[in-house]
$ cat start_0.txt   # compact mmCIF, C-alpha atoms
# COMPACT_ATOMS: atom_id res chain seq x y z
CA MET E 1056 99.33 40.00 -53.70
CA ASP E 1057 102.52 38.68 -52.10
CA PRO E 1058 101.53 38.07 -48.45
CA ASN E 1059 105.09 38.91 -47.41
CA VAL E 1060 104.87 42.43 -48.89
CA CYS E 1061 103.34 45.11 -46.64
CA SER E 1062 100.62 47.46 -47.88
CA SER E 1063 102.82 50.55 -47.28
CA CYS E 1064 105.33 49.32 -49.84
CA LEU E 1065 102.61 48.70 -52.40
CA VAL E 1066 101.10 52.18 -51.95
CA ALA E 1067 104.47 53.93 -51.94
CA ASP E 1068 105.75 51.75 -54.84
CA VAL E 1069 109.07 51.00 -53.13
CA PRO E 1070 110.95 47.68 -53.07
CA HIS E 1071 109.86 45.58 -50.12
CA ALA E 1072 113.50 45.00 -49.24
CA ASP E 1073 113.81 48.70 -48.32
CA CYS E 1074 110.91 48.58 -45.90
CA ALA E 1075 111.82 48.62 -42.21
CA GLN E 1076 109.82 45.96 -40.37
CA GLU E 1077 110.34 47.62 -37.00
CA SER E 1078 107.41 49.10 -35.07
CA GLU E 1079 106.51 52.70 -35.83
CA PRO E 1080 108.24 55.20 -33.51
CA GLU E 1081 106.30 57.13 -30.90
CA ASN E 1082 104.40 60.25 -32.05
CA GLN E 1083 103.97 58.89 -35.58
CA GLU E 1084 100.72 58.06 -37.32
CA THR E 1085 99.99 56.20 -40.54
CA LEU E 1086 97.74 58.01 -42.98
CA ALA E 1087 96.79 56.58 -46.40
CA GLY E 1088 99.60 54.08 -46.11
CA GLY E 1089 102.31 56.69 -45.33
CA VAL E 1090 104.04 57.46 -42.04
CA PHE E 1091 103.89 61.05 -40.74
CA ASN E 1092 105.54 62.50 -37.65
CA LEU E 1093 102.87 64.79 -36.16
CA LYS E 1094 104.79 66.21 -33.18
CA PRO E 1095 106.97 68.73 -35.11
CA LEU E 1096 103.93 69.81 -37.13
CA THR E 1097 101.90 70.66 -34.02
CA GLU E 1098 104.85 72.59 -32.59
CA GLU E 1099 105.57 74.54 -35.78
CA LEU E 1100 102.00 75.29 -36.85
CA PRO E 1101 101.38 78.11 -34.30
CA SER E 1102 104.61 79.83 -35.38
CA ILE E 1103 103.61 79.58 -39.04
CA VAL E 1104 100.17 80.97 -38.27
CA PHE E 1105 101.65 83.75 -36.10
CA LEU E 1106 103.96 84.89 -38.87
CA GLU E 1107 101.18 84.81 -41.43
CA LEU E 1108 98.81 86.81 -39.23
CA GLY E 1109 101.14 89.18 -37.48
CA LEU E 1110 103.63 90.44 -40.03
CA SER E 1111 101.18 91.74 -42.62
CA TRP E 1112 101.51 95.44 -41.61
CA PRO E 1113 104.80 97.35 -41.82
CA PRO E 1114 105.95 99.33 -38.76
CA SER E 1115 105.87 103.12 -38.77
CA GLU E 1116 108.89 104.96 -37.37
CA ARG E 1117 108.26 108.27 -35.60
CA CYS E 1118 110.08 110.64 -33.30
CA CYS E 1119 108.70 110.76 -29.76
CA PHE E 1120 109.57 112.67 -26.62
CA ALA E 1121 110.02 110.83 -23.33
CA VAL E 1122 111.24 111.57 -19.81
CA ARG E 1123 114.37 109.76 -18.68
CA ASP E 1124 115.93 110.62 -15.31
CA GLU E 1125 113.69 113.72 -15.18
CA ARG E 1126 115.06 114.98 -18.48
CA ILE E 1127 113.15 115.24 -21.77
CA VAL E 1128 114.78 113.19 -24.53
CA ARG E 1129 113.93 112.43 -28.15
CA GLN E 1130 113.44 108.80 -29.04
CA ASP E 1131 112.71 107.14 -32.38
CA VAL E 1132 110.10 104.41 -32.09
CA ALA E 1133 109.05 101.93 -34.80
CA LEU E 1134 105.70 100.25 -34.15
CA VAL E 1135 102.91 98.76 -36.24
CA GLN E 1136 99.83 100.98 -35.93
CA ASP E 1137 96.58 99.14 -35.25
CA ILE E 1138 93.89 101.82 -35.64
CA VAL E 1139 91.02 100.68 -33.44
CA GLY E 1140 87.49 101.27 -34.68
CA SER E 1141 84.00 99.96 -34.01
CA ASN E 1142 85.05 96.41 -34.92
CA GLY E 1143 87.72 96.33 -32.24
CA ALA E 1144 91.48 95.88 -32.52
CA ARG E 1145 92.70 93.80 -35.45
CA MET E 1146 95.56 92.30 -33.43
CA LEU E 1147 93.26 91.20 -30.60
CA ASN E 1148 90.71 89.88 -33.07
CA LYS E 1149 93.43 87.77 -34.68
CA SER E 1150 94.30 86.18 -31.34
CA GLU E 1151 90.76 85.10 -30.45
CA PRO E 1152 90.26 82.25 -33.00
CA PHE E 1153 93.06 80.26 -31.34
CA GLY E 1154 90.48 79.48 -28.66
CA GLU E 1155 93.18 78.33 -26.26
CA SER E 1156 94.81 80.73 -23.83
CA ARG E 1157 98.34 79.39 -24.31
CA LEU E 1158 98.26 79.97 -28.06
CA SER E 1159 96.66 83.40 -27.62
CA GLN E 1160 99.32 84.32 -25.09
CA ASP E 1161 102.13 83.08 -27.36
CA PHE E 1162 100.73 85.06 -30.28
CA LEU E 1163 100.32 88.29 -28.30
CA THR E 1164 103.72 87.88 -26.65
CA CYS E 1165 105.23 87.92 -30.14
CA PHE E 1166 103.37 90.92 -31.49
CA LEU E 1167 102.01 93.19 -28.73
CA PRO E 1168 105.44 94.79 -28.07
CA LYS E 1169 105.65 95.65 -31.79
CA THR E 1170 102.13 97.09 -32.02
CA VAL E 1171 100.55 100.35 -30.88
CA PHE E 1172 96.76 100.54 -30.65
CA VAL E 1173 95.56 103.94 -31.90
CA PHE E 1174 92.40 105.63 -30.58
CA ASP E 1175 90.63 108.83 -31.59
CA ASP E 1176 87.68 108.63 -29.22
CA PRO E 1177 87.45 107.59 -25.54
CA GLY E 1178 84.43 105.32 -26.00
CA THR E 1179 86.40 103.05 -28.33
CA LEU E 1180 89.27 103.01 -25.83
CA ARG E 1181 86.94 101.81 -23.06
CA GLU E 1182 85.57 99.04 -25.28
CA PHE E 1183 89.12 97.99 -26.15
CA ILE E 1184 90.08 97.79 -22.47
CA VAL E 1185 87.16 95.41 -21.83
CA GLN E 1186 88.17 93.28 -24.83
CA TYR E 1187 91.83 93.22 -23.80
CA LYS E 1188 91.17 92.34 -20.16
CA ASP E 1189 88.85 89.52 -21.22
CA ILE E 1190 91.58 88.01 -23.41
CA ALA E 1191 94.40 88.63 -20.92
CA ARG E 1192 92.71 87.42 -17.73
CA ASP E 1193 94.14 83.89 -18.06
CA PHE E 1194 97.65 84.96 -19.03
CA THR E 1195 100.41 83.94 -16.65
CA THR E 1196 102.45 87.15 -17.04
CA PRO E 1197 101.50 90.79 -17.82
CA MET E 1198 101.82 91.76 -21.48
CA ASP E 1199 103.56 94.78 -22.97
CA LEU E 1200 100.80 97.05 -24.23
CA ASN E 1201 101.16 100.26 -26.27
CA ILE E 1202 98.25 102.69 -26.45
CA GLU E 1203 98.19 105.82 -28.64
CA ILE E 1204 95.65 108.55 -28.00
CA ASP E 1205 95.10 111.18 -30.67
CA PHE E 1206 93.24 113.73 -28.55
CA PHE E 1207 91.99 116.23 -31.06
CA THR E 1208 90.62 114.06 -33.85
CA ALA E 1209 87.38 113.79 -31.89
CA MET E 1210 87.06 117.56 -31.36
CA ASP E 1211 84.63 119.51 -33.53
CA SER E 1212 86.53 121.31 -36.33
CA ASP E 1213 85.26 124.77 -35.34
CA LYS E 1214 86.25 124.24 -31.72
CA ARG E 1215 89.62 122.88 -32.81
CA ALA E 1216 90.34 126.03 -34.82
CA ARG E 1217 89.42 128.25 -31.85
CA TYR E 1218 91.45 126.07 -29.53
CA ALA E 1219 94.54 126.22 -31.74
CA ALA E 1220 94.43 129.96 -32.43
CA TRP E 1221 97.01 132.21 -30.76
CA GLU E 1222 94.67 135.04 -29.82
CA GLU E 1223 94.08 137.29 -26.83
CA PRO E 1224 90.57 136.82 -25.42
CA LYS E 1225 88.59 139.99 -24.72
CA GLN E 1226 88.38 138.91 -21.10
CA TYR E 1227 91.07 136.75 -19.52
CA VAL E 1228 90.21 133.08 -19.10
CA PRO E 1229 92.64 130.13 -19.06
CA HIS E 1230 93.13 128.67 -22.51
CA GLY E 1231 90.52 126.11 -23.57
CA ARG E 1232 87.68 127.24 -21.32
CA ASP E 1233 85.66 128.51 -24.27
CA VAL E 1234 85.66 125.02 -25.86
CA ASN E 1235 85.24 123.14 -22.55
CA ALA E 1236 88.72 121.63 -22.81
CA VAL E 1237 88.71 120.47 -19.17
CA LYS E 1238 85.74 118.19 -19.79
CA PHE E 1239 87.16 117.07 -23.13
CA PHE E 1240 90.45 115.93 -21.57
CA GLU E 1241 88.79 114.59 -18.43
CA VAL E 1242 86.79 112.01 -20.41
CA TRP E 1243 90.01 110.77 -22.02
CA PHE E 1244 91.92 110.63 -18.74
CA ASN E 1245 89.10 108.71 -17.02
CA ALA E 1246 89.38 106.07 -19.74
CA ILE E 1247 93.18 105.97 -19.40
CA LYS E 1248 92.74 105.27 -15.69
CA GLU E 1249 91.25 101.86 -16.57
CA LEU E 1250 94.30 100.68 -18.55
CA PRO E 1251 96.53 97.94 -17.09
CA GLU E 1252 99.54 99.26 -15.18
CA GLU E 1253 101.95 97.81 -17.75
CA ALA E 1254 100.51 99.92 -20.59
CA THR E 1255 102.74 102.54 -22.19
CA VAL E 1256 100.66 105.54 -23.27
CA TYR E 1257 101.54 107.54 -26.40
CA LEU E 1258 99.90 110.98 -26.31
CA VAL E 1259 99.46 112.87 -29.59
CA PHE E 1260 99.22 116.65 -29.18
CA ARG E 1261 98.33 118.21 -32.51
CA HIS E 1262 97.70 121.43 -30.58
CA PHE E 1263 98.87 122.69 -27.21
CA TRP E 1264 96.59 123.05 -24.22
CA ARG E 1265 98.14 126.11 -22.64
CA ASP E 1266 96.40 125.73 -19.28
CA PHE E 1267 99.30 123.74 -17.86
CA ARG E 1268 97.97 123.96 -14.32
CA GLN E 1269 94.78 122.16 -15.27
CA LEU E 1270 96.65 119.63 -17.42
CA ARG E 1271 99.00 118.86 -14.51
CA GLY E 1272 96.04 118.30 -12.18
CA LEU E 1273 94.21 115.94 -14.55
CA ALA E 1274 97.35 113.90 -15.26
CA SER E 1275 98.03 113.51 -11.55
CA LYS E 1276 94.42 112.68 -10.63
CA SER E 1277 94.12 110.03 -13.34
CA GLY E 1278 97.46 108.40 -12.50
CA LEU E 1279 98.82 109.23 -15.95
CA SER E 1280 101.84 111.00 -14.45
CA GLN E 1281 102.86 107.67 -12.85
CA ARG E 1282 102.77 105.74 -16.10
CA GLN E 1283 105.30 105.30 -18.86
CA VAL E 1284 104.29 108.09 -21.27
CA MET E 1285 105.58 108.96 -24.73
CA PHE E 1286 104.67 112.21 -26.50
CA LEU E 1287 104.16 112.97 -30.18
CA PHE E 1288 103.85 116.50 -31.52
CA PRO E 1289 102.99 116.36 -35.24
CA ASP E 1290 103.85 119.45 -37.24
CA PRO E 1291 100.82 121.71 -36.87
CA ALA E 1292 99.03 123.54 -39.63
CA PRO E 1293 100.57 126.98 -40.32
CA TYR E 1294 97.71 128.77 -38.56
CA ALA E 1295 98.29 126.70 -35.41
CA ARG E 1296 102.08 126.86 -35.09
CA LEU E 1297 103.22 128.95 -32.14
CA ASP E 1298 106.37 131.05 -32.27
CA ASP E 1299 107.91 129.33 -29.25
CA HIS E 1300 107.07 125.80 -30.28
CA GLU E 1301 109.79 124.09 -28.20
CA PHE E 1302 108.71 125.96 -25.05
CA PHE E 1303 105.20 124.54 -25.32
CA ILE E 1304 106.51 121.04 -26.04
CA GLU E 1305 108.58 121.09 -22.84
CA LEU E 1306 105.79 122.58 -20.72
CA THR E 1307 103.30 119.99 -21.99
CA VAL E 1308 105.63 117.07 -21.23
CA ALA E 1309 106.47 118.52 -17.82
CA SER E 1310 102.81 119.06 -16.93
CA VAL E 1311 101.80 115.48 -17.73
CA THR E 1312 104.80 113.79 -16.12
CA GLY E 1313 105.14 116.07 -13.10
CA ILE E 1314 108.73 117.17 -13.66
CA VAL E 1315 110.29 120.65 -13.67
CA VAL E 1316 112.08 121.93 -16.78
CA ALA E 1317 114.43 124.85 -17.35
CA PRO E 1318 112.04 127.02 -19.43
CA MET E 1319 109.87 127.42 -16.32
CA TYR E 1320 112.53 129.63 -14.78
CA GLY E 1321 113.71 133.13 -15.66
CA ILE E 1322 110.54 134.33 -17.37
CA ASN E 1323 110.66 138.14 -17.38
CA GLN E 1324 107.65 140.37 -16.80
CA ALA E 1325 107.04 141.22 -20.46
CA ARG E 1326 107.03 137.55 -21.47
CA ARG E 1327 104.87 136.64 -18.49
CA THR E 1328 102.30 139.28 -19.48
CA MET E 1329 102.26 137.98 -23.06
CA LEU E 1330 101.73 134.39 -21.94
CA VAL E 1331 98.95 135.27 -19.50
CA ASN E 1332 97.20 137.46 -22.08
CA HIS E 1333 97.04 134.41 -24.37
CA GLY E 1334 95.48 132.19 -21.74
CA CYS E 1335 98.60 130.42 -20.51
CA ALA E 1336 98.50 129.26 -16.89
CA GLY E 1337 100.73 127.17 -14.65
CA PHE E 1338 103.92 127.78 -16.60
CA ASN E 1339 105.95 128.42 -13.42
CA PRO E 1340 107.21 125.51 -11.30
CA PRO E 1341 104.58 124.28 -8.83
CA ARG E 1342 105.25 125.67 -5.37
CA ASN E 1343 106.08 122.25 -3.93
CA MET E 1344 108.66 121.70 -6.71
CA ALA E 1345 110.17 125.20 -7.12

$ encode --input "start_0.txt" --output "structure tokens"
Amino acid sequence: MDPNVCSSCLVADVPHADCAQESEPENQETLAGGVFNLKPLTEELPSIVFLELGLSWPPSERCCFAVRDERIVRQDVALVQDIVGSNGARMLNKSEPFGESRLSQDFLTCFLPKTVFVFDDPGTLREFIVQYKDIARDFTTPMDLNIEIDFFTAMDSDKRARYAAWEEPKQYVPHGRDVNAVKFFEVWFNAIKELPEEATVYLVFRHFWRDFRQLRGLASKSGLSQRQVMFLFPDPAPYARLDDHEFFIELTVASVTGIVVAPMYGINQARRTMLVNHGCAGFNPPRNMA
């Protein structure tokens, strides 16, 4: 072997004359006779991993209702749905293997605003909150967090049918009392109370709870009325669709957010009697807001 020829040239099979005899630049390492710059690789690798992990699910675009300047507006929202089950949230699970809070924070900063975590039972929501707070406790800034609650998936099918029916009870009681709706919603709202302040809550109402007075009280007590709330009203089954669908949409949004809407005013006696006979309550403006 020519003592004047370096080993790198022999391995790479290049003319020795082309070999630079200068010292290797900073942040470079020699591996198997070749020179590799490791700094760009370590900077780019998280981004490559993030893209591979985070963009595997397409977003779903849906029409929501929101309150802006005390007015109800429609808003199209496109978010990736992460349906949370017993194994936890896929997006949070993907962030944990990084094992280093900066990388986890970078990953979640990229994808949390584009993701909505979907829940159909309050126990799973509570477990998620514990998981999220454990991951987020070392983050330097609060994260955008989108939470979707599909209230009625967890309700027994027989109770759901009774709840959704537009019927006059033999004896007047506010709507939902016969299926213990107060307790049903209360468990959900107690779980919502534990969410971080920065969470936006998406509420899915497949059916209307027509006891607006009770709904208003629970939303206020749980702090939900002070949060950023979005509402989804999927098209109901034919047996569950009410004649005045838009009226109940507006009253539901108003009850949760604590605003007053026009349909609360000018209700004549015949319509009032019909609403009360079907279990509706609290459809007038609250006295302190009238």

$ atom_distance --input "start_0.txt" --atom1 "CA of Pro1197 in chain E" --atom2 "CA of Glu1253 in chain E"
7.0 Å

$ closest_residue --input "start_0.txt" --among "E:Lys1188, E:Phe1194, E:Gly1143, E:Gln1136" --to "Thr1170 in chain E" --atoms "all atoms listed in the file"
E:Gln1136

$ closest_atom_pairs --input "start_0.txt" --of "range 1196-1279 of chain E" --to "range 1310-1325 of chain E" --cutoff "7 Å" --atoms "all atoms listed in the file" --output "CSV"
residue,atom,partner,partner_atom,distance
E:Phe1267,CA,E:Ser1310,CA,5.9
E:Leu1270,CA,E:Ser1310,CA,6.2
E:Arg1271,CA,E:Ser1310,CA,4.5
E:Ala1274,CA,E:Val1311,CA,5.3

$ atom_distance --input "start_0.txt" --atom1 "CA of Ala1133 in chain E" --atom2 "CA of Phe1244 in chain E"
25.0 Å

$ closest_residue --input "start_0.txt" --among "E:Phe1302, E:Phe1286, E:Tyr1227, E:Tyr1218" --to "Val1259 in chain E" --atoms "all atoms listed in the file"
E:Phe1286

$ atom_distance --input "start_0.txt" --atom1 "CA of Asp1233 in chain E" --atom2 "CA of Ser1275 in chain E"
23.2 Å
